[in-house]
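Undergrad: So here's upload.cif, just mmCIF, C-alpha atoms:
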```
data_structure
#
loop_
_atom_site.group_PDB
_atom_site.id
_atom_site.type_symbol
_atom_site.label_atom_id
_atom_site.label_comp_id
_atom_site.auth_asym_id
_atom_site.auth_seq_id
_atom_site.Cartn_x
_atom_site.Cartn_y
_atom_site.Cartn_z
ATOM 1 C CA MET A 25 -79.590 -18.655 5.616
ATOM 2 C CA SER A 26 -82.474 -19.414 3.352
ATOM 3 C CA ASP A 27 -83.870 -22.430 5.171
ATOM 4 C CA ARG A 28 -87.602 -22.145 5.538
ATOM 5 C CA ILE A 29 -89.053 -22.510 9.029
ATOM 6 C CA PRO A 30 -92.372 -24.376 9.220
ATOM 7 C CA MET A 31 -94.852 -23.004 11.736
ATOM 8 C CA THR A 32 -98.550 -22.783 12.353
ATOM 9 C CA ARG A 33 -100.486 -19.530 12.314
ATOM 10 C CA THR A 34 -100.511 -19.674 16.144
ATOM 11 C CA GLY A 35 -96.719 -19.916 16.334
ATOM 12 C CA TYR A 36 -96.289 -17.169 13.744
ATOM 13 C CA ASP A 37 -98.651 -14.856 15.609
ATOM 14 C CA LYS A 38 -96.844 -15.542 18.907
ATOM 15 C CA LEU A 39 -93.452 -14.681 17.423
ATOM 16 C CA LYS A 40 -94.894 -11.572 15.796
ATOM 17 C CA ALA A 41 -96.414 -10.436 19.110
ATOM 18 C CA ASP A 42 -93.080 -11.060 20.880
ATOM 19 C CA LEU A 43 -91.285 -8.974 18.250
ATOM 20 C CA GLU A 44 -93.829 -6.173 18.571
ATOM 21 C CA HIS A 45 -93.477 -6.156 22.372
ATOM 22 C CA LEU A 46 -89.681 -6.089 22.269
ATOM 23 C CA SER A 47 -89.630 -3.341 19.626
ATOM 24 C CA THR A 48 -92.317 -1.068 21.038
ATOM 25 C CA VAL A 49 -92.115 -1.637 24.799
ATOM 26 C CA GLU A 50 -88.730 -3.015 25.826
ATOM 27 C CA MET A 51 -86.476 -1.108 23.388
ATOM 28 C CA PRO A 52 -87.906 2.326 24.303
ATOM 29 C CA LYS A 53 -87.262 1.525 27.994
ATOM 30 C CA ILE A 54 -83.620 0.778 27.247
ATOM 31 C CA LEU A 55 -83.275 3.866 25.067
ATOM 32 C CA GLU A 56 -84.655 5.940 27.942
ATOM 33 C CA ARG A 57 -82.089 4.361 30.293
ATOM 34 C CA LEU A 58 -79.373 5.246 27.797
ATOM 35 C CA ALA A 59 -80.517 8.858 27.541
ATOM 36 C CA THR A 60 -80.638 9.196 31.337
ATOM 37 C CA ALA A 61 -77.171 7.683 31.733
ATOM 38 C CA ARG A 62 -75.768 9.835 28.911
ATOM 39 C CA ALA A 63 -77.053 12.956 30.671
ATOM 40 C CA GLU A 64 -74.934 12.116 33.723
ATOM 41 C CA GLY A 65 -71.778 13.218 31.935
ATOM 42 C CA ASP A 66 -68.513 11.305 31.473
ATOM 43 C CA LEU A 67 -69.420 8.090 29.653
ATOM 44 C CA SER A 68 -66.043 6.403 30.018
ATOM 45 C CA GLU A 69 -66.669 5.523 33.672
ATOM 46 C CA ASN A 70 -70.472 5.468 33.618
ATOM 47 C CA ALA A 71 -71.513 1.923 34.574
ATOM 48 C CA GLU A 72 -75.207 2.648 34.005
ATOM 49 C CA TYR A 73 -74.493 3.789 30.443
ATOM 50 C CA HIS A 74 -72.372 0.730 29.644
ATOM 51 C CA GLY A 75 -74.983 -1.585 31.190
ATOM 52 C CA ALA A 76 -77.733 0.035 29.140
ATOM 53 C CA ARG A 77 -75.646 -0.286 25.945
ATOM 54 C CA GLU A 78 -75.085 -3.978 26.663
ATOM 55 C CA SER A 79 -78.820 -4.486 27.293
ATOM 56 C CA GLN A 80 -79.595 -2.672 24.063
ATOM 57 C CA GLY A 81 -77.230 -4.951 22.121
ATOM 58 C CA MET A 82 -78.710 -8.131 23.595
ATOM 59 C CA LEU A 83 -82.266 -6.942 22.971
ATOM 60 C CA GLN A 84 -81.417 -5.960 19.397
ATOM 61 C CA ALA A 85 -79.975 -9.441 18.848
ATOM 62 C CA ARG A 86 -83.235 -11.030 20.084
ATOM 63 C CA ILE A 87 -85.234 -8.726 17.796
ATOM 64 C CA ASP A 88 -83.021 -9.662 14.832
ATOM 65 C CA VAL A 89 -83.491 -13.400 15.514
ATOM 66 C CA LEU A 90 -87.279 -13.004 15.635
ATOM 67 C CA ARG A 91 -87.302 -10.953 12.415
ATOM 68 C CA ASP A 92 -85.188 -13.625 10.723
ATOM 69 C CA LYS A 93 -87.518 -16.435 11.848
ATOM 70 C CA LEU A 94 -90.585 -14.523 10.678
ATOM 71 C CA SER A 95 -88.987 -13.725 7.319
ATOM 72 C CA ARG A 96 -88.267 -17.429 6.722
ATOM 73 C CA ALA A 97 -91.626 -18.674 8.021
ATOM 74 C CA VAL A 98 -93.710 -21.074 5.985
ATOM 75 C CA LEU A 99 -97.214 -21.378 7.391
ATOM 76 C CA VAL A 100 -98.380 -24.978 7.609
ATOM 77 C CA ASP A 101 -101.924 -26.133 8.231
ATOM 78 C CA PRO A 102 -101.533 -29.365 10.245
ATOM 79 C CA THR A 103 -104.991 -30.543 9.182
ATOM 80 C CA LEU A 104 -103.757 -30.860 5.573
ATOM 81 C CA ILE A 105 -100.784 -33.101 6.397
ATOM 82 C CA PRO A 106 -101.207 -36.773 5.400
ATOM 83 C CA LYS A 107 -101.802 -39.049 8.371
ATOM 84 C CA GLY A 108 -100.134 -42.390 9.101
ATOM 85 C CA GLU A 109 -96.552 -41.257 9.407
ATOM 86 C CA ILE A 110 -94.771 -38.784 11.624
ATOM 87 C CA ALA A 111 -94.861 -35.237 10.279
ATOM 88 C CA PHE A 112 -95.274 -31.642 11.385
ATOM 89 C CA GLY A 113 -98.029 -31.476 14.004
ATOM 90 C CA SER A 114 -97.803 -35.168 14.956
ATOM 91 C CA ILE A 115 -98.054 -36.300 18.546
ATOM 92 C CA VAL A 116 -95.741 -39.283 18.851
ATOM 93 C CA ARG A 117 -95.548 -41.810 21.680
ATOM 94 C CA VAL A 118 -92.282 -43.714 21.688
ATOM 95 C CA LYS A 119 -90.640 -46.362 23.813
ATOM 96 C CA ASP A 120 -87.051 -45.602 24.756
ATOM 97 C CA LEU A 121 -85.275 -48.878 24.000
ATOM 98 C CA VAL A 122 -82.360 -48.042 26.302
ATOM 99 C CA PHE A 123 -84.252 -46.967 29.446
ATOM 100 C CA ASP A 124 -87.445 -48.958 28.710
ATOM 101 C CA ASP A 125 -89.764 -46.023 29.372
ATOM 102 C CA GLU A 126 -92.286 -44.175 27.238
ATOM 103 C CA GLU A 127 -92.105 -40.585 26.096
ATOM 104 C CA GLU A 128 -94.393 -38.366 24.090
ATOM 105 C CA PHE A 129 -93.360 -35.633 21.671
ATOM 106 C CA THR A 130 -95.354 -33.135 19.672
ATOM 107 C CA LEU A 131 -93.610 -31.824 16.556
ATOM 108 C CA VAL A 132 -94.243 -28.090 16.396
ATOM 109 C CA GLY A 133 -92.968 -25.053 14.557
ATOM 110 C CA ALA A 134 -91.058 -22.045 15.811
ATOM 111 C CA GLY A 135 -92.838 -20.112 18.533
ATOM 112 C CA GLU A 136 -94.674 -23.141 19.873
ATOM 113 C CA GLU A 137 -91.795 -25.157 21.309
ATOM 114 C CA ASP A 138 -91.949 -26.033 25.002
ATOM 115 C CA TYR A 139 -89.440 -28.706 25.884
ATOM 116 C CA ASP A 140 -90.857 -29.158 29.389
ATOM 117 C CA THR A 141 -94.143 -30.399 27.902
ATOM 118 C CA GLY A 142 -92.600 -32.409 25.047
ATOM 119 C CA LYS A 143 -93.282 -29.865 22.283
ATOM 120 C CA ILE A 144 -90.155 -30.056 20.149
ATOM 121 C CA LEU A 145 -89.212 -28.128 17.034
ATOM 122 C CA VAL A 146 -89.838 -30.105 13.871
ATOM 123 C CA THR A 147 -86.407 -28.906 12.707
ATOM 124 C CA SER A 148 -84.588 -30.353 15.756
ATOM 125 C CA PRO A 149 -82.339 -33.415 15.319
ATOM 126 C CA LEU A 150 -84.723 -35.535 17.411
ATOM 127 C CA ALA A 151 -87.773 -34.561 15.362
ATOM 128 C CA GLN A 152 -85.917 -34.968 12.076
ATOM 129 C CA GLY A 153 -85.006 -38.497 13.124
ATOM 130 C CA LEU A 154 -88.690 -39.262 13.689
ATOM 131 C CA VAL A 155 -90.201 -37.596 10.589
ATOM 132 C CA GLY A 156 -91.496 -40.090 8.050
ATOM 133 C CA LYS A 157 -91.538 -43.040 10.450
ATOM 134 C CA LYS A 158 -94.611 -45.219 11.096
ATOM 135 C CA VAL A 159 -95.991 -47.133 14.077
ATOM 136 C CA GLY A 160 -93.797 -50.143 14.815
ATOM 137 C CA ASP A 161 -90.648 -48.640 13.294
ATOM 138 C CA ARG A 162 -87.471 -48.651 15.365
ATOM 139 C CA VAL A 163 -85.199 -45.664 14.972
ATOM 140 C CA GLU A 164 -81.707 -44.669 16.001
ATOM 141 C CA ILE A 165 -81.236 -40.921 16.180
ATOM 142 C CA PRO A 166 -77.793 -39.399 16.618
ATOM 143 C CA VAL A 167 -77.930 -36.398 18.964
ATOM 144 C CA PRO A 168 -75.129 -34.434 20.636
ATOM 145 C CA GLN A 169 -75.362 -36.622 23.792
ATOM 146 C CA GLY A 170 -75.113 -39.909 21.888
ATOM 147 C CA THR A 171 -77.656 -42.050 20.069
ATOM 148 C CA LEU A 172 -81.322 -42.301 21.027
ATOM 149 C CA ARG A 173 -83.102 -45.577 20.275
ATOM 150 C CA PHE A 174 -86.886 -45.575 20.051
ATOM 151 C CA GLU A 175 -89.749 -47.743 18.920
ATOM 152 C CA ILE A 176 -92.725 -45.797 17.560
ATOM 153 C CA LEU A 177 -95.799 -46.855 19.561
ATOM 154 C CA GLU A 178 -98.440 -44.356 18.466
ATOM 155 C CA ILE A 179 -98.942 -41.431 16.114
ATOM 156 C CA ARG A 180 -101.899 -39.104 16.542
ATOM 157 C CA TYR A 181 -102.941 -35.626 15.581
ATOM 158 C CA ASP A 182 -104.887 -32.889 17.319
ATOM 159 C CA SER A 183 -107.907 -32.058 15.234
#
```
Mind turning the file's structure into structure tokens?

TA:
Amino acid sequence: MSDRIPMTRTGYDKLKADLEHLSTVEMPKILERLATARAEGDLSENAEYHGARESQGMLQARIDVLRDKLSRAVLVDPTLIPKGEIAFGSIVRVKDLVFDDEEEFTLVGAGEEDYDTGKILVTSPLAQGLVGKKVGDRVEIPVPQGTLRFEILEIRYDS
């Protein structure tokens, strides 16, 4: 995968701190658990050993994902993005044309996503369907659950 991942300095620093914590705090704990379990003897029936090995594998996978994201990161300064259309860093208020309610999304980079507060990855299908649109545009965005239909009500940017 060579796709670049846009993110702000804040998102990059958060991912880097997460990676550092997993590598220097969590992994040594698991390695200690492994050493303790290994010292108990027969590994073929040692549940603690097998549990620690599984934890190590899952943690290593998380570490690998973070390293991959950081290696493909492209730092974006949201203040330099042209205003007037939806782009990275935009806060977008839309009207759902199916349910007739309003929603607000902030298009963010990796490390800053928080779906509970409407912060969605700029690389997500929803965000990609919004990018480049202007106030007043109506959009249909195919997502795994069906098709979302929105009218763009407002675009703003945090300064």

Undergrad: For Pro168 of chain A, list every protein, DNA or RNA residue within 12 Å, evaluated using all atoms listed in the file, and leave out those in the same chain fewer than 2 positions away; present the list as a VMD selection string.

TA: chain A and resid 148 to 150 165 to 166 170 to 172

Undergrad: What does the PyMOL selection byres ((chain A and resi 102-106) around 12) select in this file, as a ChimeraX atom specification?

TA: /A:30-34,99-101,107-115,130-133,156,179-183

Undergrad: Taking the file as I've supplied it (selection: the PyMOL selection byres ((chain A and resi 28) around 7)), which residues are included? Please answer as a list in words.

TA: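 Applied to this file, the PyMOL selection byres ((chain A and resi 28) around 7) returns Ser26, Asp27, Ile29, Pro30, Arg96, Ala97 and Val98 of chain A.
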
Undergrad: What does the distance between atom CA of Gly65 of chain A and atom CA of Met51 of chain A come to in Å, to one decimal place?

TA: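 Between atom CA of Gly65 of chain A and atom CA of Met51 of chain A the gap works out to 22.2 Å.
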
Undergrad: Rounded to one decimal in Å, what is the spacing between atom CA of Ile176 of chain A and atom CA of Asp140 of chain A?

TA: 20.5 Å

Undergrad: What is the distance, in Å and to one decimal place, between atom CA of Leu43 of chain A and atom CA of Phe129 of chain A?

TA: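 We find that atom CA of Leu43 of chain A and atom CA of Phe129 of chain A lie 27.0 Å from each other.
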
Undergrad: Applying the PyMOL selection byres ((chain A and resi 117) around 6) to the file I just gave you, which residues come out? Please list them as a PyMOL selection string.

TA: chain A and resi 116+118+127-128+177-178

Undergrad: With C-alpha atoms retained, export the selected residues as a CSV table (one decimal), in the frame of the given file.

TA:
```
chain,number,residue,atom,x,y,z
A,116,VAL,CA,-95.7,-39.3,18.9
A,118,VAL,CA,-92.3,-43.7,21.7
A,127,GLU,CA,-92.1,-40.6,26.1
A,128,GLU,CA,-94.4,-38.4,24.1
A,177,LEU,CA,-95.8,-46.9,19.6
A,178,GLU,CA,-98.4,-44.4,18.5
```

Undergrad: What are the centre and edge lengths in Å, to one decimal, of the axis-aligned box around all listed atoms of segment 127-138 of chain A with 8 Å added on each side, as JSON?

TA:
```
{"center_x": -93.2, "center_y": -30.3, "center_z": 20.3, "size_x": 20.3, "size_y": 36.5, "size_z": 27.5}
```

Undergrad: Which is closer to Tyr73 of chain A than all the others in A:Glu126, A:Asp138, A:Asp88, A:Glu56, using all atoms listed in the file?

TA: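 Comparing A:Glu126, A:Asp138, A:Asp88, A:Glu56 against Tyr73 of chain A, the winner is A:Glu56.
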
Undergrad: For Arg162 of chain A, which residue out of A:Leu121, A:Leu46, A:Ala41, A:Ala63 is the nearest one, using all atoms listed in the file?

TA: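 Among A:Leu121, A:Leu46, A:Ala41, A:Ala63, it is A:Leu121 that comes nearest to Arg162 of chain A.
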
Undergrad: Using all atoms listed in the file, pick whichever of A:Lys158, A:Arg57, A:Arg86, A:His74 has the shortest atom-to-atom distance to His45 of chain A.

TA: A:Arg86

Undergrad: Taking (-79.4, 4.7, 31.0) as a centre in this file's frame and 6 Å as the limit, can you find every polymer residue with an atom that close, using only C-alpha atoms, and give them as a list in words?

TA: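 Output of the proximity query reads Arg57, Leu58, Ala59, Thr60, Ala61, Glu72, Tyr73 and Ala76 of chain A.
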
Undergrad: Would you fill out segment 93-106 of chain A with N, CA and C atoms and return it as an mmCIF file, in the frame of the given file?

TA:
```cif
data_model
loop_
_atom_site.group_PDB
_atom_site.id
_atom_site.type_symbol
_atom_site.label_atom_id
_atom_site.label_comp_id
_atom_site.auth_asym_id
_atom_site.auth_seq_id
_atom_site.Cartn_x
_atom_site.Cartn_y
_atom_site.Cartn_z
ATOM 1 N N LYS A 93 -86.590 -15.291 11.825
ATOM 2 C CA LYS A 93 -87.518 -16.435 11.848
ATOM 3 C C LYS A 93 -88.803 -16.104 11.100
ATOM 4 N N LEU A 94 -89.334 -14.911 11.340
ATOM 5 C CA LEU A 94 -90.585 -14.523 10.678
ATOM 6 C C LEU A 94 -90.387 -14.381 9.169
ATOM 7 N N SER A 95 -89.225 -13.899 8.758
ATOM 8 C CA SER A 95 -88.987 -13.725 7.319
ATOM 9 C C SER A 95 -88.845 -15.065 6.603
ATOM 10 N N ARG A 96 -88.452 -16.107 7.328
ATOM 11 C CA ARG A 96 -88.267 -17.429 6.722
ATOM 12 C C ARG A 96 -89.439 -18.369 7.008
ATOM 13 N N ALA A 97 -90.489 -17.841 7.625
ATOM 14 C CA ALA A 97 -91.626 -18.674 8.021
ATOM 15 C C ALA A 97 -92.400 -19.205 6.817
ATOM 16 N N VAL A 98 -92.791 -20.453 6.934
ATOM 17 C CA VAL A 98 -93.710 -21.074 5.985
ATOM 18 C C VAL A 98 -94.876 -21.568 6.825
ATOM 19 N N LEU A 99 -96.047 -20.988 6.604
ATOM 20 C CA LEU A 99 -97.214 -21.378 7.391
ATOM 21 C C LEU A 99 -97.723 -22.737 6.922
ATOM 22 N N VAL A 100 -97.934 -23.618 7.895
ATOM 23 C CA VAL A 100 -98.380 -24.978 7.609
ATOM 24 C C VAL A 100 -99.696 -25.210 8.339
ATOM 25 N N ASP A 101 -100.654 -25.756 7.622
ATOM 26 C CA ASP A 101 -101.924 -26.133 8.231
ATOM 27 C C ASP A 101 -101.840 -27.617 8.568
ATOM 28 N N PRO A 102 -101.703 -27.959 9.872
ATOM 29 C CA PRO A 102 -101.533 -29.365 10.245
ATOM 30 C C PRO A 102 -102.681 -30.271 9.811
ATOM 31 N N THR A 103 -103.857 -29.711 9.585
ATOM 32 C CA THR A 103 -104.991 -30.543 9.182
ATOM 33 C C THR A 103 -104.831 -31.055 7.750
ATOM 34 N N LEU A 104 -103.935 -30.449 6.969
ATOM 35 C CA LEU A 104 -103.757 -30.860 5.573
ATOM 36 C C LEU A 104 -102.612 -31.855 5.393
ATOM 37 N N ILE A 105 -101.922 -32.187 6.481
ATOM 38 C CA ILE A 105 -100.784 -33.101 6.397
ATOM 39 C C ILE A 105 -101.303 -34.543 6.377
ATOM 40 N N PRO A 106 -100.772 -35.372 5.461
ATOM 41 C CA PRO A 106 -101.207 -36.773 5.400
ATOM 42 C C PRO A 106 -100.961 -37.488 6.725
#
```
